[in-house]
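Peer 1: Sharing target_2.cif below, mmCIF, C-alpha atoms:
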```cif
data_structure
#
loop_
_atom_site.label_atom_id
_atom_site.label_comp_id
_atom_site.auth_asym_id
_atom_site.auth_seq_id
_atom_site.Cartn_x
_atom_site.Cartn_y
_atom_site.Cartn_z
CA MET A 1 -4.61 -5.96 -31.16
CA GLN A 2 -2.45 -8.84 -30.08
CA ASP A 3 -0.28 -6.44 -28.13
CA LEU A 4 -3.32 -5.26 -26.21
CA VAL A 5 -4.46 -8.78 -25.37
CA ASN A 6 -0.94 -9.57 -24.30
CA ILE A 7 -0.77 -6.58 -21.95
CA PHE A 8 -4.18 -7.48 -20.57
CA VAL A 9 -3.26 -11.10 -19.87
CA LYS A 10 0.09 -10.09 -18.44
CA SER A 11 -1.46 -7.66 -15.99
CA VAL A 12 -4.14 -10.14 -14.94
CA PHE A 13 -1.91 -13.12 -14.26
CA ILE A 14 1.78 -12.27 -14.15
CA ASP A 15 1.87 -8.75 -12.77
CA ASN A 16 -1.16 -9.36 -10.60
CA MET A 17 -1.71 -6.35 -8.33
CA ILE A 18 -2.21 -8.48 -5.23
CA PHE A 19 0.09 -11.44 -5.69
CA ALA A 20 3.06 -9.71 -7.30
CA TYR A 21 2.91 -6.20 -5.83
CA PHE A 22 0.59 -6.41 -2.80
CA LEU A 23 -1.33 -3.34 -3.88
CA GLY A 24 -4.77 -2.79 -2.40
CA MET A 25 -3.97 -5.23 0.36
CA CYS A 26 -5.84 -3.30 3.05
CA SER A 27 -9.24 -3.51 1.39
CA TYR A 28 -8.37 -6.99 0.14
CA LEU A 29 -8.05 -8.16 3.74
CA ALA A 30 -10.93 -6.13 5.12
CA VAL A 31 -13.64 -6.81 2.52
CA SER A 32 -12.96 -10.46 1.70
CA LYS A 33 -15.20 -12.09 4.28
CA THR A 34 -18.01 -12.96 1.84
CA VAL A 35 -17.97 -13.55 -1.92
CA LYS A 36 -20.84 -11.13 -2.55
CA THR A 37 -19.12 -8.04 -1.15
CA ALA A 38 -15.85 -9.14 -2.73
CA VAL A 39 -17.48 -9.16 -6.17
CA GLY A 40 -18.92 -5.69 -5.50
CA LEU A 41 -15.60 -4.16 -4.51
CA GLY A 42 -13.74 -5.96 -7.30
CA THR A 43 -16.13 -4.64 -9.93
CA ALA A 44 -15.77 -1.13 -8.55
CA VAL A 45 -11.98 -1.43 -8.78
CA ILE A 46 -12.13 -2.54 -12.45
CA PHE A 47 -14.46 0.36 -13.15
CA VAL A 48 -12.28 2.99 -11.52
CA LEU A 49 -8.96 1.62 -12.84
CA GLY A 50 -10.43 1.46 -16.35
CA ILE A 51 -11.31 5.15 -16.12
CA THR A 52 -8.44 6.68 -14.15
CA VAL A 53 -5.50 4.99 -15.88
CA PRO A 54 -6.32 6.42 -19.34
CA ILE A 55 -7.04 9.86 -17.85
CA ASN A 56 -3.79 9.84 -15.94
CA TYR A 57 -2.08 8.64 -19.12
CA LEU A 58 -3.31 11.73 -20.97
CA LEU A 59 -2.28 13.93 -18.07
CA GLU A 60 1.16 12.36 -17.95
CA ASN A 61 1.79 12.68 -21.69
CA PHE A 62 0.29 16.10 -22.36
CA VAL A 63 1.02 17.96 -19.12
CA LEU A 64 3.48 16.39 -16.73
CA LYS A 65 6.26 14.64 -18.64
CA ALA A 66 9.43 16.53 -19.57
CA GLY A 67 8.66 18.28 -22.83
CA ALA A 68 4.99 17.28 -22.71
CA LEU A 69 3.84 20.88 -22.83
CA ALA A 70 5.41 21.47 -26.25
CA TRP A 71 1.92 21.48 -27.84
CA VAL A 72 0.98 24.77 -26.15
CA PRO A 73 0.92 27.50 -28.84
CA PHE A 74 2.48 30.99 -28.58
CA VAL A 75 4.62 30.29 -25.49
CA ASP A 76 7.68 28.10 -25.51
CA LEU A 77 7.16 25.45 -22.85
CA ALA A 78 9.09 22.66 -24.54
CA ASP A 79 11.64 22.25 -21.76
CA VAL A 80 9.27 22.43 -18.80
CA ASP A 81 9.32 19.30 -16.63
CA LEU A 82 6.43 19.01 -14.21
CA SER A 83 6.93 15.37 -13.34
CA PHE A 84 7.51 16.17 -9.66
CA LEU A 85 3.85 17.14 -9.51
CA SER A 86 2.65 13.76 -10.69
CA PHE A 87 1.74 12.32 -7.26
CA ILE A 88 -0.50 15.20 -6.34
CA MET A 89 -2.10 15.36 -9.81
CA PHE A 90 -2.76 11.62 -9.94
CA ILE A 91 -4.32 11.50 -6.51
CA ALA A 92 -6.46 14.56 -7.31
CA VAL A 93 -7.68 12.92 -10.52
CA ILE A 94 -8.42 9.70 -8.69
CA ALA A 95 -10.28 11.36 -5.82
CA SER A 96 -12.37 13.52 -8.14
CA MET A 97 -13.06 10.70 -10.62
CA VAL A 98 -14.26 8.48 -7.81
CA GLN A 99 -16.59 11.24 -6.68
CA LEU A 100 -17.81 11.79 -10.25
CA VAL A 101 -18.30 8.10 -10.96
CA GLU A 102 -20.27 7.81 -7.74
CA MET A 103 -22.57 10.67 -8.76
CA ILE A 104 -23.06 9.38 -12.32
CA VAL A 105 -23.76 5.83 -11.21
CA GLU A 106 -26.26 7.09 -8.66
CA LYS A 107 -28.14 9.05 -11.36
CA VAL A 108 -27.97 6.53 -14.20
CA SER A 109 -28.30 3.17 -12.51
CA PRO A 110 -29.66 3.07 -8.98
CA ALA A 111 -29.37 -0.73 -9.01
CA LEU A 112 -25.65 -0.61 -9.71
CA TYR A 113 -25.31 2.16 -7.14
CA GLY A 114 -26.96 -0.06 -4.58
CA ALA A 115 -24.39 -2.74 -5.30
CA LEU A 116 -21.26 -0.57 -5.59
CA GLY A 117 -22.27 2.53 -3.64
CA ILE A 118 -20.63 1.86 -0.32
CA PHE A 119 -17.41 0.67 -1.95
CA LEU A 120 -16.73 3.64 -4.17
CA PRO A 121 -15.51 6.07 -1.48
CA LEU A 122 -13.22 3.32 -0.13
CA ILE A 123 -11.54 3.09 -3.48
CA ALA A 124 -10.05 6.60 -3.49
CA VAL A 125 -7.52 5.41 -0.92
CA ASN A 126 -7.04 1.94 -2.37
CA CYS A 127 -3.34 1.60 -3.20
CA SER A 128 -4.05 -0.38 -6.35
CA ILE A 129 -5.61 2.64 -8.07
CA LEU A 130 -2.70 5.01 -7.44
CA GLY A 131 -0.38 2.05 -8.01
CA GLY A 132 -1.97 1.54 -11.43
CA ALA A 133 -1.28 5.17 -12.33
CA LEU A 134 2.32 5.01 -11.09
CA PHE A 135 3.10 1.74 -12.88
CA MET A 136 1.58 3.21 -16.03
CA GLN A 137 3.99 6.13 -15.64
CA GLU A 138 6.98 3.91 -14.94
CA ARG A 139 6.38 1.43 -17.78
CA GLN A 140 5.73 4.15 -20.36
CA TYR A 141 3.01 2.56 -22.48
CA SER A 142 3.11 3.92 -26.00
CA THR A 143 -0.60 4.42 -26.71
CA ILE A 144 -3.67 5.18 -24.69
CA ALA A 145 -5.18 1.85 -25.77
CA GLU A 146 -2.27 0.01 -24.15
CA ALA A 147 -2.68 2.01 -20.96
CA THR A 148 -6.39 1.20 -20.90
CA ALA A 149 -5.71 -2.49 -21.46
CA PHE A 150 -3.27 -2.37 -18.57
CA GLY A 151 -5.79 -0.61 -16.32
CA LEU A 152 -8.61 -3.02 -17.08
CA GLY A 153 -6.29 -6.02 -16.78
CA SER A 154 -5.01 -4.94 -13.38
CA GLY A 155 -8.53 -4.39 -12.18
CA PHE A 156 -9.60 -7.77 -13.43
CA GLY A 157 -6.64 -9.44 -11.74
CA TRP A 158 -7.59 -7.72 -8.51
CA LEU A 159 -11.19 -8.94 -8.79
CA LEU A 160 -9.95 -12.47 -9.42
CA ALA A 161 -7.74 -12.36 -6.34
CA ILE A 162 -10.32 -10.96 -3.94
CA VAL A 163 -13.11 -13.29 -5.12
CA ALA A 164 -10.81 -16.30 -4.79
CA ILE A 165 -9.71 -15.41 -1.26
CA ALA A 166 -13.29 -14.64 -0.21
CA ALA A 167 -14.45 -18.05 -1.41
CA ILE A 168 -11.64 -19.75 0.49
CA ARG A 169 -12.35 -17.73 3.64
CA GLU A 170 -16.02 -18.71 3.53
CA LYS A 171 -14.98 -22.35 3.61
CA ILE A 172 -12.14 -22.05 6.08
CA ARG A 173 -14.56 -20.94 8.76
CA TYR A 174 -15.46 -24.62 9.21
CA SER A 175 -11.93 -25.89 9.64
CA ASN A 176 -9.79 -26.08 12.71
CA VAL A 177 -7.16 -23.36 12.34
CA PRO A 178 -4.64 -22.92 15.19
CA ALA A 179 -6.13 -20.20 17.40
CA PRO A 180 -3.41 -17.54 17.02
CA LEU A 181 -3.58 -17.81 13.24
CA ARG A 182 -7.35 -17.37 13.01
CA GLY A 183 -8.55 -14.49 10.87
CA LEU A 184 -5.61 -12.43 9.74
CA GLY A 185 -2.78 -14.95 10.00
CA ILE A 186 -4.34 -17.72 7.95
CA THR A 187 -5.48 -15.21 5.31
CA PHE A 188 -1.88 -14.10 4.89
CA ILE A 189 -0.65 -17.67 4.53
CA ILE A 190 -3.34 -18.55 1.98
CA THR A 191 -2.57 -15.42 -0.01
CA GLY A 192 1.10 -16.41 0.01
CA LEU A 193 0.28 -19.88 -1.28
CA MET A 194 -1.99 -18.44 -3.96
CA GLY A 195 0.84 -16.10 -4.93
CA ILE A 196 3.16 -19.08 -5.36
CA ALA A 197 0.52 -20.74 -7.54
CA PHE A 198 0.18 -17.59 -9.63
CA MET A 199 3.92 -17.54 -10.21
CA SER A 200 3.50 -20.52 -12.49
CA PHE A 201 1.97 -18.12 -15.04
CA MET A 202 5.34 -16.40 -15.33
CA GLY A 203 6.56 -16.14 -18.90
CA ILE A 204 3.19 -16.64 -20.59
CA GLN A 205 3.05 -14.88 -23.95
CA LEU A 206 0.21 -14.89 -26.41
CA MET B 1 -10.92 18.46 27.37
CA SER B 2 -9.22 18.85 30.72
CA GLU B 3 -7.86 22.26 31.58
CA LYS B 4 -5.23 20.82 33.89
CA LYS B 5 -1.82 20.96 32.33
CA GLU B 6 -0.44 17.55 31.63
CA ALA B 7 3.18 16.54 31.91
CA LEU B 8 4.80 16.06 28.53
CA PHE B 9 5.51 12.41 29.19
CA SER B 10 2.63 11.54 31.49
CA LYS B 11 1.57 7.92 31.74
CA LYS B 12 -1.21 8.45 29.22
CA ASN B 13 1.13 10.03 26.72
CA ARG B 14 3.71 7.32 27.11
CA LYS B 15 1.00 4.76 26.46
CA LEU B 16 0.20 6.48 23.16
CA MET B 17 3.74 5.79 22.12
CA THR B 18 4.22 2.26 23.44
CA ASP B 19 0.85 0.73 22.57
CA PRO B 20 1.41 0.63 18.81
CA LEU B 21 4.66 -1.24 19.30
CA ASP B 22 2.83 -4.39 20.33
CA GLY B 23 -0.79 -4.48 21.53
CA SER B 24 -2.18 -2.25 18.78
CA ASN B 25 0.56 -2.64 16.22
CA PRO B 26 -0.46 -0.98 12.95
CA ILE B 27 0.52 -3.96 10.79
CA SER B 28 -0.20 -7.07 12.77
CA VAL B 29 -3.26 -5.88 14.71
CA GLN B 30 -4.83 -2.86 13.03
CA VAL B 31 -3.99 -4.25 9.55
CA LEU B 32 -2.94 -0.88 8.17
CA GLY B 33 -0.23 -0.23 5.61
CA ILE B 34 0.24 -3.82 4.53
CA CYS B 35 0.81 -3.03 0.85
CA SER B 36 4.16 -1.36 1.22
CA ALA B 37 5.21 -3.49 4.16
CA LEU B 38 5.31 -6.59 2.01
CA ALA B 39 6.69 -5.29 -1.23
CA ILE B 40 9.87 -3.61 -0.07
CA THR B 41 11.15 -6.11 2.47
CA VAL B 42 13.60 -7.97 0.25
CA GLN B 43 16.54 -6.11 1.77
CA VAL B 44 16.98 -4.52 5.18
CA GLU B 45 18.27 -1.30 3.68
CA GLN B 46 15.12 -0.69 1.65
CA ALA B 47 12.91 -1.56 4.59
CA PHE B 48 14.83 0.82 6.81
CA VAL B 49 14.67 3.73 4.37
CA MET B 50 10.98 3.06 3.76
CA SER B 51 10.26 3.12 7.51
CA LEU B 52 12.08 6.42 7.82
CA ALA B 53 10.11 7.85 4.90
CA VAL B 54 6.81 6.73 6.39
CA MET B 55 7.87 8.09 9.77
CA ALA B 56 8.67 11.51 8.30
CA VAL B 57 5.37 11.71 6.44
CA LEU B 58 3.34 10.46 9.39
CA LEU B 59 5.03 12.81 11.87
CA PHE B 60 4.49 15.94 9.84
CA GLY B 61 1.10 14.81 8.52
CA ASN B 62 -0.20 14.11 12.01
CA MET B 63 1.14 17.43 13.30
CA ILE B 64 -0.23 19.51 10.43
CA VAL B 65 -3.66 17.88 10.43
CA SER B 66 -3.87 18.12 14.19
CA ALA B 67 -2.94 21.79 14.11
CA MET B 68 -5.58 22.43 11.44
CA ARG B 69 -8.24 20.14 12.89
CA ASN B 70 -10.62 22.97 13.74
CA LEU B 71 -10.27 24.58 10.33
CA ILE B 72 -10.94 21.55 8.13
CA PRO B 73 -14.63 21.18 7.19
CA SER B 74 -15.52 17.56 7.77
CA ARG B 75 -17.15 17.10 4.35
CA ILE B 76 -13.93 17.60 2.44
CA ARG B 77 -11.49 16.32 5.03
CA ILE B 78 -10.37 13.33 2.95
CA ILE B 79 -9.28 15.56 0.08
CA VAL B 80 -7.55 17.99 2.43
CA GLN B 81 -5.68 15.14 4.09
CA LEU B 82 -4.72 13.64 0.73
CA VAL B 83 -3.30 16.96 -0.44
CA ILE B 84 -1.27 17.44 2.75
CA VAL B 85 0.07 13.91 2.58
CA ALA B 86 0.78 14.11 -1.15
CA ALA B 87 2.77 17.32 -0.67
CA LEU B 88 4.83 15.69 2.10
CA VAL B 89 5.43 12.59 0.00
CA ILE B 90 6.65 14.70 -2.92
CA LEU B 91 9.20 16.30 -0.58
CA VAL B 92 10.36 12.91 0.71
CA ASN B 93 10.58 11.53 -2.82
CA GLU B 94 12.67 14.45 -4.07
CA LEU B 95 15.00 14.13 -1.06
CA LEU B 96 15.44 10.41 -1.66
CA LYS B 97 16.13 10.97 -5.36
CA ALA B 98 18.74 13.59 -4.51
CA PHE B 99 20.61 11.84 -1.70
CA MET B 100 19.96 8.10 -2.17
CA PRO B 101 19.36 7.59 -5.89
CA ASP B 102 19.94 3.83 -5.87
CA VAL B 103 17.58 3.12 -2.96
CA SER B 104 15.01 5.42 -4.54
CA GLU B 105 15.33 3.41 -7.75
CA LYS B 106 14.65 0.16 -5.89
CA LEU B 107 11.67 1.52 -3.98
CA SER B 108 10.26 2.71 -7.34
CA VAL B 109 6.54 3.35 -7.07
CA PHE B 110 6.30 2.47 -3.42
CA VAL B 111 7.45 5.89 -2.24
CA GLY B 112 4.55 7.41 -4.13
CA LEU B 113 2.25 4.84 -2.65
CA ILE B 114 2.90 6.20 0.84
CA ILE B 115 0.12 8.64 -0.09
CA THR B 116 -2.45 5.89 -0.06
CA ASN B 117 -0.74 3.90 2.66
CA CYS B 118 -3.64 3.20 4.97
CA ILE B 119 -1.48 3.72 8.03
CA ILE B 120 -1.18 7.43 7.22
CA MET B 121 -4.85 8.04 6.42
CA GLY B 122 -5.86 5.75 9.27
CA ARG B 123 -3.92 7.68 11.90
CA LEU B 124 -4.94 11.06 10.50
CA GLU B 125 -8.61 10.08 10.55
CA ALA B 126 -8.61 8.18 13.80
CA PHE B 127 -6.26 10.29 15.88
CA ALA B 128 -4.97 13.57 14.54
CA LEU B 129 -8.43 14.94 13.70
CA GLY B 130 -9.53 14.68 17.31
CA ASN B 131 -6.44 15.39 19.34
CA LYS B 132 -3.97 18.14 20.15
CA VAL B 133 -0.62 18.47 18.45
CA TRP B 134 1.59 16.90 21.11
CA PRO B 135 -0.38 13.66 21.60
CA SER B 136 -0.66 13.39 17.80
CA LEU B 137 3.08 13.66 17.53
CA LEU B 138 3.57 10.87 20.07
CA ASP B 139 0.96 8.76 18.30
CA ALA B 140 2.82 9.23 15.03
CA VAL B 141 6.14 8.27 16.62
CA GLY B 142 4.64 5.14 18.18
CA ASN B 143 2.84 4.01 15.06
CA SER B 144 5.71 4.59 12.71
CA ILE B 145 8.08 2.68 14.98
CA GLY B 146 5.52 -0.10 15.29
CA TYR B 147 5.35 -0.19 11.50
CA GLY B 148 9.11 0.07 11.11
CA TRP B 149 10.10 -2.76 13.40
CA ILE B 150 7.89 -5.26 11.63
CA LEU B 151 9.30 -4.15 8.28
CA VAL B 152 12.87 -4.47 9.46
CA VAL B 153 12.30 -7.86 11.09
CA VAL B 154 10.63 -9.26 7.97
CA ALA B 155 13.39 -7.83 5.79
CA PHE B 156 16.03 -9.23 8.16
CA PHE B 157 14.81 -12.79 7.73
CA ARG B 158 14.19 -12.45 4.01
CA GLU B 159 17.63 -11.01 3.34
CA LEU B 160 19.43 -13.39 5.69
CA PHE B 161 17.90 -16.56 4.28
CA GLY B 162 17.34 -15.28 0.77
CA SER B 163 20.77 -13.91 -0.01
CA GLY B 164 22.87 -14.54 3.09
CA LYS B 165 23.42 -10.84 3.67
CA ILE B 166 22.38 -8.10 6.08
CA PHE B 167 22.54 -4.48 4.88
CA GLY B 168 24.35 -5.86 1.83
CA LEU B 169 27.18 -7.36 3.94
CA GLN B 170 27.84 -11.09 3.65
CA ILE B 171 26.83 -12.72 6.96
CA ILE B 172 26.78 -16.41 6.13
CA PRO B 173 30.44 -17.38 5.73
CA GLU B 174 31.91 -18.73 2.52
CA SER B 175 32.76 -22.06 4.21
CA PHE B 176 29.04 -22.78 4.66
CA TYR B 177 28.50 -22.55 0.93
CA GLU B 178 31.46 -24.81 0.32
CA ALA B 179 29.94 -27.34 2.70
CA GLY B 180 26.80 -27.37 0.57
CA TYR B 181 24.63 -24.63 2.10
CA MET B 182 22.44 -22.83 -0.42
CA ASN B 183 20.53 -19.59 -0.25
CA ASN B 184 16.80 -20.10 -0.15
CA ASN B 185 15.75 -18.24 -3.29
CA MET B 186 12.14 -18.68 -2.28
CA MET B 187 12.60 -16.00 0.39
CA ILE B 188 13.25 -13.34 -2.23
CA LEU B 189 9.96 -14.01 -4.02
CA PRO B 190 6.94 -11.88 -3.05
CA PRO B 191 4.74 -14.64 -1.55
CA MET B 192 7.25 -15.39 1.21
CA ALA B 193 6.79 -11.88 2.58
CA LEU B 194 3.18 -12.77 3.35
CA ILE B 195 4.14 -15.99 5.03
CA THR B 196 6.86 -14.30 7.10
CA VAL B 197 4.36 -11.71 8.33
CA ALA B 198 1.91 -14.51 9.13
CA LEU B 199 4.58 -16.19 11.26
CA ILE B 200 5.18 -12.93 13.15
CA ILE B 201 1.44 -12.63 13.75
CA TRP B 202 1.37 -16.23 14.95
CA ALA B 203 4.20 -15.62 17.40
CA GLN B 204 2.69 -12.38 18.66
CA ARG B 205 -0.77 -13.84 19.19
CA SER B 206 0.46 -16.95 20.92
CA ARG B 207 2.14 -14.68 23.44
CA ASN B 208 -0.71 -12.21 23.74
CA THR B 209 -3.88 -14.30 23.64
CA ASP B 210 -6.21 -11.26 23.89
CA LEU B 211 -5.56 -10.58 20.22
CA ILE B 212 -6.91 -13.90 18.95
CA GLU B 213 -9.80 -13.42 16.52
CA GLU B 214 -12.99 -15.40 16.20
CA ASN B 215 -12.86 -17.85 13.35
#
```
Would you write the structure of this file as structure tokens?
Peer 2:
Amino acid sequence: MQDLVNIFVKSVFIDNMIFAYFLGMCSYLAVSKTVKTAVGLGTAVIFVLGITVPINYLLENFVLKAGALAWVPFVDLADVDLSFLSFIMFIAVIASMVQLVEMIVEKVSPALYGALGIFLPLIAVNCSILGGALFMQERQYSTIAEATAFGLGSGFGWLLAIVAIAAIREKIRYSNVPAPLRGLGITFIITGLMGIAFMSFMGIQL
Amino acid sequence: MSEKKEALFSKKNRKLMTDPLDGSNPISVQVLGICSALAITVQVEQAFVMSLAVMAVLLFGNMIVSAMRNLIPSRIRIIVQLVIVAALVILVNELLKAFMPDVSEKLSVFVGLIITNCIIMGRLEAFALGNKVWPSLLDAVGNSIGYGWILVVVAFFRELFGSGKIFGLQIIPESFYEAGYMNNNMMILPPMALITVALIIWAQRSRNTDLIEEN
């Protein structure tokens, strides 16, 4: 259990998707004008990362990895290595899961759909989702629970980052920023400063 | 669509190629493809290889999508584009692994992330789906060079000030270090990439005041 909490905390603060790896930067910059929409998109990212990372983990360990097909009975597939297919499989899983989640949410909870609906299609091409899958592959988590903790943690870190920048941008509208830096430029600088602040979490262990 | 045959490098076509270098630069103006631009700019070599990889994917992606634009049903176009791009990225990744294993190691997941690089999807959606093959090709060349130069400039400053090297060659002479000069380790850390890009944006917008945004 402690391992899981540790992975979660590490992916929220130290390996933060935005501040350490710049993943999902495009939507981070585009949808951070108000706190309300930022919360909506952030929640959708947690949701989708929490679902796709474990699914891609299963895919990686039972289909794609070298020797992963050894469980297939009757035929000997133990030395088949499909890992070159991982990009296309991951993106297919992500695109179809996003579609599925959208349909389920629409059926089950119209209120939630109203809040998340417009953000879900955006998420299929959000780098942080595919990035989550690829980091999961690279770091080789040993159980599905660890992969899930990583997925949820990364999503939560992303939410934290986008809500924080949205709150700052709402305030900065009233200050006198040098004209050429207005909008994009000042957002970059603030994100950089926040990244420096987040680096002070480096080395935290529970 | 005009029936008149256009010269290959007519004024309009040349504009497609030169606009993205400055006035509609994918990174600093259209805000596309930021993710990878920031993460792999610690060294010029990585930035250079990454720009070439993006260029290859964008060139072929734009051409293929533009050639198929009348065949792709618009409801499933995102999936079709993702599959085309993913296939191209797999090719690029395998080539990098085979011929430049150490650079490929350093780029790690960011080669795979070209798939969701907004610059690719953005250009496919905004341009290739509505234009013929040749203009799409020029658009791809322009945008990938516009993307590449920012990457290389950012990487240039980060590598020069961060480790005193360019392309892995020592630039700042030994005597400087003996006189007390120190590398600015800050430049190697991720947040400085953001601030370097912000400075480029600042410089560009002070020169070209049309690009200034409302607060």
Peer 1: Chain B residues within 6 Å of chain A, counting only C-alpha atoms: which ones, as JSON, numbers by chain?
Peer 2: {"B": [35, 86, 116, 191, 194, 195, 198, 202, 205, 206, 212, 213, 215]}
Peer 1: Report, in Å to a single decimal, how far apart CA of Val54 (chain B) and CA of Ile72 (chain B) are.
Peer 2: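 Calculated distance between CA of Ile72 (chain B) and CA of Val54 (chain B) is 23.2 Å.
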Peer 1: Put a box with edges along x, y and z around all the listed atoms of region 13-23 of chain A, pad it by 5 Å on each side, then give me its centre and sizes in Å, one decimal, as AutoDock Vina command-line options.
Peer 2:
```
--center_x 0.4 --center_y -8.2 --center_z -8.5 --size_x 15.3 --size_y 19.8 --size_z 21.5
```
Peer 1: Neighbouring residues of Val92 (chain B) were defined as those with any atom within 12 Å, considering all atoms listed in the file; residues of the same chain fewer than 2 positions away were excluded. Please report them as a VMD selection string.
Peer 2: (chain A and resid 84 87) or (chain B and resid 49 to 58 60 85 to 90 94 to 100 104 110 to 115)
Peer 1: What is the CA of Arg139 (chain A) to CA of Trp158 (chain A) distance in Å?
Peer 2: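 These two atoms are separated by 19.1 Å.
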Peer 1: Please measure the separation of CA of Val163 (chain A) and CA of Phe201 (chain A), giving the value in Å to one decimal.
Peer 2: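 Taking CA of Val163 (chain A) as the start and CA of Phe201 (chain A) as the end point, the length is 18.7 Å.
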Peer 1: So which residues fall inside 8 Å of (5.1, 17.4, -13.5) if we count all atoms listed in the file? Mind giving them as a short mmCIF file (atom, residue, chain, number, x, y, z; two decimals) with C-alpha atoms, in the frame of the given file?
Peer 2:
```cif
data_model
loop_
_atom_site.label_atom_id
_atom_site.label_comp_id
_atom_site.auth_asym_id
_atom_site.auth_seq_id
_atom_site.Cartn_x
_atom_site.Cartn_y
_atom_site.Cartn_z
CA GLU A 60 1.16 12.36 -17.95
CA VAL A 63 1.02 17.96 -19.12
CA LEU A 64 3.48 16.39 -16.73
CA LYS A 65 6.26 14.64 -18.64
CA ALA A 66 9.43 16.53 -19.57
CA ASP A 81 9.32 19.30 -16.63
CA LEU A 82 6.43 19.01 -14.21
CA SER A 83 6.93 15.37 -13.34
CA PHE A 84 7.51 16.17 -9.66
CA LEU A 85 3.85 17.14 -9.51
CA SER A 86 2.65 13.76 -10.69
#
```
Peer 1: Find, counting only C-alpha atoms, the residue in A:Val48, A:Leu112, A:Ala149, A:Ala38 that gets nearest to Val12 (chain A).
Peer 2: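 Answer, going by the shortest atom-to-atom distance: A:Ala149.
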Peer 1: Starting from the PyMOL selection byres ((chain B and resi 65) around 10), expand the selection into actual residues of this file and give them as a PyMOL selection string.
Peer 2: chain B and resi 60-64+66-72+77+80-81+84-85+124-125+127-133+136
Peer 1: Given the choices A:Ala147, A:Ile204, A:Val75, A:Val98, which gets closest to Leu58 (chain A) if the distance is worked out from all atoms listed in the file?
Peer 2: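 Using all atoms listed in the file, the shortest distance to Leu58 (chain A) belongs to A:Ala147.
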Peer 1: Specify as a list in words each residue included when the PyMOL selection byres ((chain B and resi 150) around 10) is applied to this file.
Peer 2: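 After applying the PyMOL selection byres ((chain B and resi 150) around 10), what remains is Leu21, Asn25, Pro26, Ile27, Ser28, Ala37, Thr41, Ala47, Ser51, Ile145, Gly146, Tyr147, Gly148, Trp149, Leu151, Val152, Val153, Val154, Ala155, Phe156, Val197 and Ile200 of chain B.
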